[in-house]
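Participant: Here's a structure for you.
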Number of protein chains: 2
Amino acid sequence: MVSALATPADLIGIKRDGGAWSREQIAEIITGIATGSWADAQVGALLMAVLLRGCSVDETAALTLAMRDSGRVLDTGPRPALRVDKHSTGGVGDKASLLLAPWVAAAGVEVPMISGRGLGHTGGTLDKLEAIPGFRVGLSAEEILATVADCGYAMAAASGDIAPADRRMYALRDVSGTVASVPLITSSILSKKLAEGITGLVLDVKFGRAAFLPERAAAEELMDSLLEVGAAAGLSVTALLTDMDRPLGRAIGNALEVREILDCLHGRGPADLMELTEALAGEMLLLAGVAGDDAAARETLRGRLDSGAVAERFRRNLELQGGPADLLDSPERSLAAAPVVEEVRATESDGGFVADVDPLALGRAAMRLGAGRRVATDTIDPRVGIVCRVARGERIEAGGVVAEIHAADRASAERERAAVAAAFRIAAAAPEPRPLVVARRRASPG
Amino acid sequence: MVSALATPADLIGIKRDGGAWSREQIAEIITGIATGSWADAQVGALLMAVLLRGCSVDETAALTLAMRDSGRVLDTGPRPALRVDKHSTGGVGDKASLLLAPWVAAAGVEVPMISGRGLGHTGGTLDKLEAIPGFRVGLSAEEILATVADCGYAMAAASGDIAPADRRMYALRDVSGTVASVPLITSSILSKKLAEGITGLVLDVKFGRAAFLPERAAAEELMDSLLEVGAAAGLSVTALLTDMDRPLGRAIGNALEVREILDCLHGRGPADLMELTEALAGEMLLLAGVAGDDAAARETLRGRLDSGAVAERFRRNLELQGGPADLLDSPERSLAAAPVVEEVRATESDGGFVADVDPLALGRAAMRLGAGRRVATDTIDPRVGIVCRVARGERIEAGGVVAEIHAADRASAERERAAVAAAFRIAAAAPEPRPLVVARRRASPG
């Protein structure tokens, strides 16, 4: 029995020895972390104890709520049930958020989306948005709420007053080998989302080579934790388990991905990207109660796309967040283009079918070109990246072009040519189709 | 396989995942800790991973040697085999070092003893020495060597350049709940002792209520680790497992303990204190090759005591380290006395035998009187403490005096009266004798 006057070492010792923390003890720990009264060494030891000993669903929910309450929580609107968001565990070419937010906003759902930046081969929504000249992601809580009230959605970076405990823990996890803990990942994701004042959350949990957790079993473990802890913390949660064993869409790289989204706003984007985004959007409509079943959600969504309402929301959001007025009509005037564009041809001489496109190899090549960050302090070149000209299962002629490299200079393009070519495997026979969404699970409070 | 360019997170990850570090990886970790290139959060996570995953003997030996080599190592003398030291895991009333060092020095063994301070109910050798007015424990490496060359021993605090990696790790362990790790305790103890340039080490590993590890099995586990790792690091090690279920000697408190030692220097100290110190001293003579067997060691030691050579070494050391010249002859002129001395009588009204003296209760009472530190920043009052007037197994009359409280004022003496009285249990029958030294084990390199 540890008293109310427990020291950090006492509280760490409970988890070290395999015990469980009470809700009050968790609140004390998170307050100590957020205010700085806990030293870095104490936080490091605590994180490792959690990683190695684990936390129950109740502990993780208490951790999540305490982390949310370490900072500001957005006021809920007059109809809080309509406020729903989406979180993806990250992938290559995943620009779904940029289409999803205006799409569900056009259907009447409020989306105050607070996003992160990319690291390693994984792209980040904020980096893609910042490829749009003038677009401001540094919104105050008031600006987020005002933007949502006007156009139905906002896309912003977490400001300093959102979940400061998570900010400190996340930075220390990154350097101390304590990233790969399901309770810590769960509470980090959910605390920031809960700070948006949402009532529902749709999760895109990815598995496959370019996913944060490549093994399907590990991804499912995280999915179940997010569902159970989310529900215990008061959210209605729907999770889709999706395939990240291929790039999503054709473009990888920030301005290139924005360009791809502009097609999507009118329903003309790549099939896989449209399919996944529609599936996620449908779940958000169901959670918000805007649609009663899958078919109704799908019909609503297609109607909004066809009417031009989605593009209209996007246009209005650009006005509010500072993007160029003519982005949709003349994207080439606003989006910076790479000075060097080189075609890459298939390594194999015989034609056939694209049997595999390795998303991890392409994500890493794009990162090396400057589209991503090796370490968090790297700067990003919005112009560069890779555009796939073929996708898995498509036919290709002998010596056909598989991709374009968009590079800052010829030398860097040539350096990646072999890696990009090797990412495409050509075979005589068409590969078995691979479903994009492989599972759906739901959890609700109580 | 982690490359030579491994990050701290990579190196922490090896232990987190249950793996073993190579010697080179351990050297890299300890260099990072000593130079400060590792951040506190990384050290905290590493310490917790070691605590929960453990280290092999080889890893702990490599850790120990890397920690030793993070700072200065004393030059060995012309006859390095003669340089031997002792380490105790700490207890109540344990002032053996103050008698032991001049005793074995008088028999021809070099003892460059680097000691620590007390915390909680456990007294520290440096605190006892500092009860001697003018005595300097802050010696440079050169001063330690010069003092040893002159009188055969020196008693000093670890200077900043001795095992700086241990200094940082020890401070961070204390606050982060990572103290109780056998590999971390082992490497902390041995790295500092190895920095003395010794070839042999005698360990007094205590068990019982007032010991650092009260359970005998836990104390034996630490003893075995110290033996195996010490031998793997190149030391000849002898360990005694000793009983800390009663105070050692009669005096608890710094000036009171120095006063007790002055009697011991002529062989007139309490039987238990003389017995333990002689046992430890005998092992040191055997390790140094000064005596061939137990009987010869004992004969040499008694001869030195009877001849006055031990007191002479003590007197010479006082001259060299700055103590008062007349301490042995007129201790009352040098040692500060408490203004209040109160007798405490047995709680039981009937006489009989002292069945138990609780060392933890007395150690804590002495700490509260000001003889010890609750936290590391507390200051010590050298005058205060407790003197036991009876020991376990002795006869006592009805209402007889069991102890004296030496206090800074009457109020603090009265506050401890009940606790001190309750520490003595009187029974009609004499208790079973309890041996002081219960086991001896040895280990040597190769």
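By convention here, the chains of the structure tokens are called A, B, ... in the order presented, each chain's residues are numbered starting at 1, and ligands are numbered starting at 1 in the order presented.
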I need the helix (DSSP H, G or I) residues of range 56-102 of chain A per DSSP on the backbone, written as a ChimeraX atom specification.

Facilitator: /A:57-68,80-82,96-102

Participant: Report the closest atom pair, with its distance in Å rounded to one decimal, for each residue of chain B that has an atom no farther than 12 Å from chain A; count only C-alpha atoms, sort by chain and then rising residue number, and write it as CSV.

Facilitator:
```
residue,atom,partner,partner_atom,distance
B:Ala6,CA,A:Gly177,CA,11.8
B:Thr7,CA,A:Val175,CA,8.4
B:Pro8,CA,A:Ser176,CA,6.9
B:Ala9,CA,A:Gly177,CA,4.2
B:Asp10,CA,A:Gly177,CA,6.6
B:Leu11,CA,A:Gly177,CA,8.2
B:Ile12,CA,A:Gly177,CA,5.9
B:Gly13,CA,A:Gly177,CA,5.5
B:Ile14,CA,A:Gly177,CA,9.2
B:Lys15,CA,A:Gly177,CA,9.9
B:Arg16,CA,A:Leu52,CA,7.4
B:Asp17,CA,A:Leu52,CA,8.9
B:Gly18,CA,A:Leu52,CA,10.2
B:Trp38,CA,A:Val175,CA,9.5
B:Ala39,CA,A:Asp40,CA,8.2
B:Asp40,CA,A:Ala41,CA,4.7
B:Ala41,CA,A:Gly44,CA,4.3
B:Gln42,CA,A:Ser176,CA,4.6
B:Val43,CA,A:Ala41,CA,6.4
B:Gly44,CA,A:Ala41,CA,4.3
B:Ala45,CA,A:Ala45,CA,4.4
B:Leu46,CA,A:Ala45,CA,7.5
B:Leu47,CA,A:Ala45,CA,6.9
B:Met48,CA,A:Ala45,CA,5.2
B:Ala49,CA,A:Met48,CA,6.4
B:Val50,CA,A:Met48,CA,10.1
B:Leu51,CA,A:Arg16,CA,8.6
B:Leu52,CA,A:Arg16,CA,7.4
B:Arg53,CA,A:Leu52,CA,9.0
B:Arg168,CA,A:Ala41,CA,10.8
B:Met169,CA,A:Ala41,CA,9.9
B:Tyr170,CA,A:Ala41,CA,11.6
B:Ala171,CA,A:Ala41,CA,9.9
B:Leu172,CA,A:Ala41,CA,6.4
B:Arg173,CA,A:Ala41,CA,8.5
B:Asp174,CA,A:Ala9,CA,7.8
B:Val175,CA,A:Ala9,CA,5.5
B:Ser176,CA,A:Gln42,CA,4.6
B:Gly177,CA,A:Ala9,CA,4.2
B:Thr178,CA,A:Ala45,CA,7.8
B:Val179,CA,A:Ala9,CA,9.5
B:Ala180,CA,A:Gly13,CA,9.9
B:Ser181,CA,A:Arg16,CA,11.2
```

Participant: Go ahead and save the residues from that selection, with N, CA and C atoms, as a CSV table (one decimal), in the first residue's frame.

Facilitator:
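Result went into out34.csv, see below:
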```
chain,number,residue,atom,x,y,z
B,6,ALA,N,25.3,2.0,-33.4
B,6,ALA,CA,24.1,1.8,-32.7
B,6,ALA,C,23.7,3.1,-31.9
B,7,THR,N,22.5,3.4,-31.9
B,7,THR,CA,22.0,4.5,-31.1
B,7,THR,C,21.8,4.0,-29.7
B,8,PRO,N,21.7,4.9,-28.7
B,8,PRO,CA,21.3,4.5,-27.3
B,8,PRO,C,20.0,3.7,-27.3
B,9,ALA,N,19.0,4.1,-28.1
B,9,ALA,CA,17.8,3.3,-28.1
B,9,ALA,C,18.0,1.9,-28.7
B,10,ASP,N,18.9,1.7,-29.6
B,10,ASP,CA,19.2,0.4,-30.1
B,10,ASP,C,19.9,-0.5,-29.0
B,11,LEU,N,20.8,0.1,-28.3
B,11,LEU,CA,21.5,-0.6,-27.3
B,11,LEU,C,20.6,-0.9,-26.1
B,12,ILE,N,19.7,0.0,-25.7
B,12,ILE,CA,18.7,-0.3,-24.7
B,12,ILE,C,17.8,-1.4,-25.2
B,13,GLY,N,17.5,-1.4,-26.5
B,13,GLY,CA,16.5,-2.4,-27.0
B,13,GLY,C,17.1,-3.8,-26.9
B,14,ILE,N,18.4,-4.0,-27.0
B,14,ILE,CA,18.9,-5.3,-26.8
B,14,ILE,C,18.6,-5.9,-25.5
B,15,LYS,N,18.7,-5.1,-24.4
B,15,LYS,CA,18.4,-5.6,-23.1
B,15,LYS,C,16.9,-5.7,-22.9
B,16,ARG,N,16.2,-4.7,-23.4
B,16,ARG,CA,14.7,-4.7,-23.3
B,16,ARG,C,14.2,-6.0,-23.9
B,17,ASP,N,14.7,-6.5,-25.0
B,17,ASP,CA,14.2,-7.7,-25.6
B,17,ASP,C,14.9,-9.0,-25.1
B,18,GLY,N,15.6,-8.9,-23.9
B,18,GLY,CA,16.1,-10.1,-23.3
B,18,GLY,C,17.4,-10.6,-23.8
B,38,TRP,N,24.7,10.3,-23.3
B,38,TRP,CA,23.4,9.7,-23.0
B,38,TRP,C,22.5,10.6,-22.1
B,39,ALA,N,21.3,10.8,-22.5
B,39,ALA,CA,20.4,11.7,-21.7
B,39,ALA,C,19.8,10.9,-20.5
B,40,ASP,N,19.4,11.6,-19.5
B,40,ASP,CA,18.9,11.0,-18.3
B,40,ASP,C,17.8,9.9,-18.6
B,41,ALA,N,16.9,10.3,-19.5
B,41,ALA,CA,15.7,9.4,-19.8
B,41,ALA,C,16.3,8.0,-20.4
B,42,GLN,N,17.4,8.1,-21.1
B,42,GLN,CA,18.0,6.9,-21.7
B,42,GLN,C,18.6,6.1,-20.6
B,43,VAL,N,19.3,6.7,-19.6
B,43,VAL,CA,19.9,6.0,-18.5
B,43,VAL,C,18.8,5.4,-17.7
B,44,GLY,N,17.7,6.1,-17.4
B,44,GLY,CA,16.6,5.6,-16.6
B,44,GLY,C,16.0,4.4,-17.3
B,45,ALA,N,15.7,4.4,-18.6
B,45,ALA,CA,15.2,3.2,-19.3
B,45,ALA,C,16.1,2.1,-19.2
B,46,LEU,N,17.4,2.3,-19.4
B,46,LEU,CA,18.4,1.3,-19.4
B,46,LEU,C,18.5,0.6,-18.0
B,47,LEU,N,18.4,1.4,-17.0
B,47,LEU,CA,18.5,0.9,-15.6
B,47,LEU,C,17.3,-0.1,-15.3
B,48,MET,N,16.1,0.4,-15.8
B,48,MET,CA,14.9,-0.4,-15.5
B,48,MET,C,15.0,-1.7,-16.4
B,49,ALA,N,15.5,-1.6,-17.6
B,49,ALA,CA,15.6,-2.8,-18.4
B,49,ALA,C,16.6,-3.8,-17.8
B,50,VAL,N,17.7,-3.3,-17.2
B,50,VAL,CA,18.7,-4.2,-16.5
B,50,VAL,C,18.0,-4.8,-15.3
B,51,LEU,N,17.3,-4.0,-14.5
B,51,LEU,CA,16.6,-4.5,-13.3
B,51,LEU,C,15.7,-5.7,-13.7
B,52,LEU,N,14.9,-5.5,-14.7
B,52,LEU,CA,13.8,-6.5,-15.0
B,52,LEU,C,14.3,-7.6,-15.9
B,53,ARG,N,15.4,-7.4,-16.7
B,53,ARG,CA,15.9,-8.5,-17.5
B,53,ARG,C,17.1,-9.2,-17.0
B,168,ARG,N,26.9,8.8,-11.6
B,168,ARG,CA,25.7,9.3,-12.3
B,168,ARG,C,24.6,8.2,-12.2
B,169,MET,N,25.0,6.9,-12.4
B,169,MET,CA,24.0,5.8,-12.3
B,169,MET,C,23.4,5.7,-10.9
B,170,TYR,N,24.3,5.9,-9.9
B,170,TYR,CA,23.8,5.7,-8.5
B,170,TYR,C,22.8,6.8,-8.2
B,171,ALA,N,23.1,8.0,-8.6
B,171,ALA,CA,22.1,9.1,-8.3
B,171,ALA,C,20.8,8.9,-9.0
B,172,LEU,N,20.8,8.4,-10.3
B,172,LEU,CA,19.6,8.2,-11.0
B,172,LEU,C,18.8,7.0,-10.5
B,173,ARG,N,19.6,5.9,-10.1
B,173,ARG,CA,18.9,4.8,-9.5
B,173,ARG,C,18.1,5.1,-8.3
B,174,ASP,N,18.7,6.0,-7.5
B,174,ASP,CA,18.1,6.3,-6.2
B,174,ASP,C,16.7,7.0,-6.4
B,175,VAL,N,16.5,7.7,-7.5
B,175,VAL,CA,15.2,8.4,-7.7
B,175,VAL,C,14.3,7.7,-8.6
B,176,SER,N,14.8,6.7,-9.3
B,176,SER,CA,13.9,6.1,-10.3
B,176,SER,C,13.5,4.7,-10.0
B,177,GLY,N,13.6,4.2,-8.8
B,177,GLY,CA,13.1,2.9,-8.4
B,177,GLY,C,13.9,1.8,-9.0
B,178,THR,N,15.2,2.0,-9.3
B,178,THR,CA,16.0,1.0,-9.9
B,178,THR,C,17.2,0.6,-9.0
B,179,VAL,N,17.1,0.8,-7.7
B,179,VAL,CA,18.1,0.4,-6.8
B,179,VAL,C,18.3,-1.1,-6.7
B,180,ALA,N,17.2,-1.8,-6.5
B,180,ALA,CA,17.2,-3.2,-6.1
B,180,ALA,C,17.5,-4.2,-7.3
B,181,SER,N,18.6,-4.0,-7.9
B,181,SER,CA,19.1,-4.9,-9.0
B,181,SER,C,20.4,-5.5,-8.7
```

Participant: What is the distance, in Å and to one decimal place, between CA of Gly138 in chain A and CA of Ala158 in chain A?

Facilitator: 7.9 Å

Participant: Mind checking which residues fall within 12 Å of Pro359 in chain B, counting only C-alpha atoms, ignoring those fewer than 6 positions away in the same chain, and posting them as a PyMOL selection string?

Facilitator: chain B and resi 91-94+121-123+207-211+214+243-252+365-367+386-388+391-392+419-420+422-425

Participant: Out of A:Arg373, A:Arg117, A:Arg442, A:Arg298, which residue has the shortest atom-to-atom distance to Gly230 in chain A when counting only C-alpha atoms?

Facilitator: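 Nearest candidate to Gly230 in chain A out of A:Arg373, A:Arg117, A:Arg442, A:Arg298: A:Arg442.
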
Participant: Please give the complete set of residues from range 117-354 of chain A that DSSP, run on the backbone, assigns to strand (DSSP E or B), formatted as a PyMOL selection string.

Facilitator: chain A and resi 119+122+153-157+200-207+236-243+251-252+340-345+352-354

Participant: With only C-alpha atoms as the counted atoms, please give the residues lying no more than 7 Å from Ile380 in chain A, apart from itself and same-chain residues fewer than 5 positions off, as number ranges by chain.

Facilitator: A: 370-373

Participant: Atoms to include: all heavy atoms. Write the selected residues as a PDB file, in the first residue's frame.

Facilitator:
```pdb
ATOM      1  N   GLY A 370      14.175  13.170 -50.101  1.00  0.00           N
ATOM      2  CA  GLY A 370      13.893  14.402 -49.359  1.00  0.00           C
ATOM      3  C   GLY A 370      12.426  14.571 -49.010  1.00  0.00           C
ATOM      4  O   GLY A 370      12.034  15.587 -48.446  1.00  0.00           O
ATOM      5  N   ALA A 371      11.601  13.550 -49.340  1.00  0.00           N
ATOM      6  CA  ALA A 371      10.166  13.659 -49.050  1.00  0.00           C
ATOM      7  C   ALA A 371       9.855  13.347 -47.582  1.00  0.00           C
ATOM      8  O   ALA A 371       8.764  13.655 -47.104  1.00  0.00           O
ATOM      9  CB  ALA A 371       9.374  12.712 -49.950  1.00  0.00           C
ATOM     10  N   GLY A 372      10.794  12.733 -46.879  1.00  0.00           N
ATOM     11  CA  GLY A 372      10.561  12.363 -45.481  1.00  0.00           C
ATOM     12  C   GLY A 372      11.773  12.657 -44.619  1.00  0.00           C
ATOM     13  O   GLY A 372      12.770  13.211 -45.095  1.00  0.00           O
ATOM     14  N   ARG A 373      11.658  12.303 -43.354  1.00  0.00           N
ATOM     15  CA  ARG A 373      12.703  12.591 -42.380  1.00  0.00           C
ATOM     16  C   ARG A 373      13.357  11.308 -41.895  1.00  0.00           C
ATOM     17  O   ARG A 373      12.662  10.393 -41.481  1.00  0.00           O
ATOM     18  CB  ARG A 373      12.125  13.272 -41.140  1.00  0.00           C
ATOM     19  CG  ARG A 373      11.502  14.598 -41.375  1.00  0.00           C
ATOM     20  CD  ARG A 373      10.905  15.141 -40.073  1.00  0.00           C
ATOM     21  NE  ARG A 373      10.234  16.407 -40.337  1.00  0.00           N
ATOM     22  CZ  ARG A 373       8.984  16.496 -40.785  1.00  0.00           C
ATOM     23  NH1 ARG A 373       8.273  15.395 -40.978  1.00  0.00           N
ATOM     24  NH2 ARG A 373       8.458  17.670 -41.036  1.00  0.00           N
TER      25      ARG A 373
END
```

Participant: What is the distance between CA of Thr347 in chain B and CA of Ala421 in chain B, in Å to one decimal?

Facilitator: 6.0 Å

Participant: Considering only C-alpha atoms, can you say which of B:Leu139, B:Ala430, B:Leu301, B:Leu100 comes closest to Thr277 in chain B?

Facilitator: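 Checking each candidate against Thr277 in chain B, we get B:Leu100 as the closest.
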
Participant: So, with only C-alpha atoms as the atoms that count, which of B:Val182, B:Leu201, B:Leu276, B:Ala156 lies closest to Asp224 in chain B?

Facilitator: B:Val182
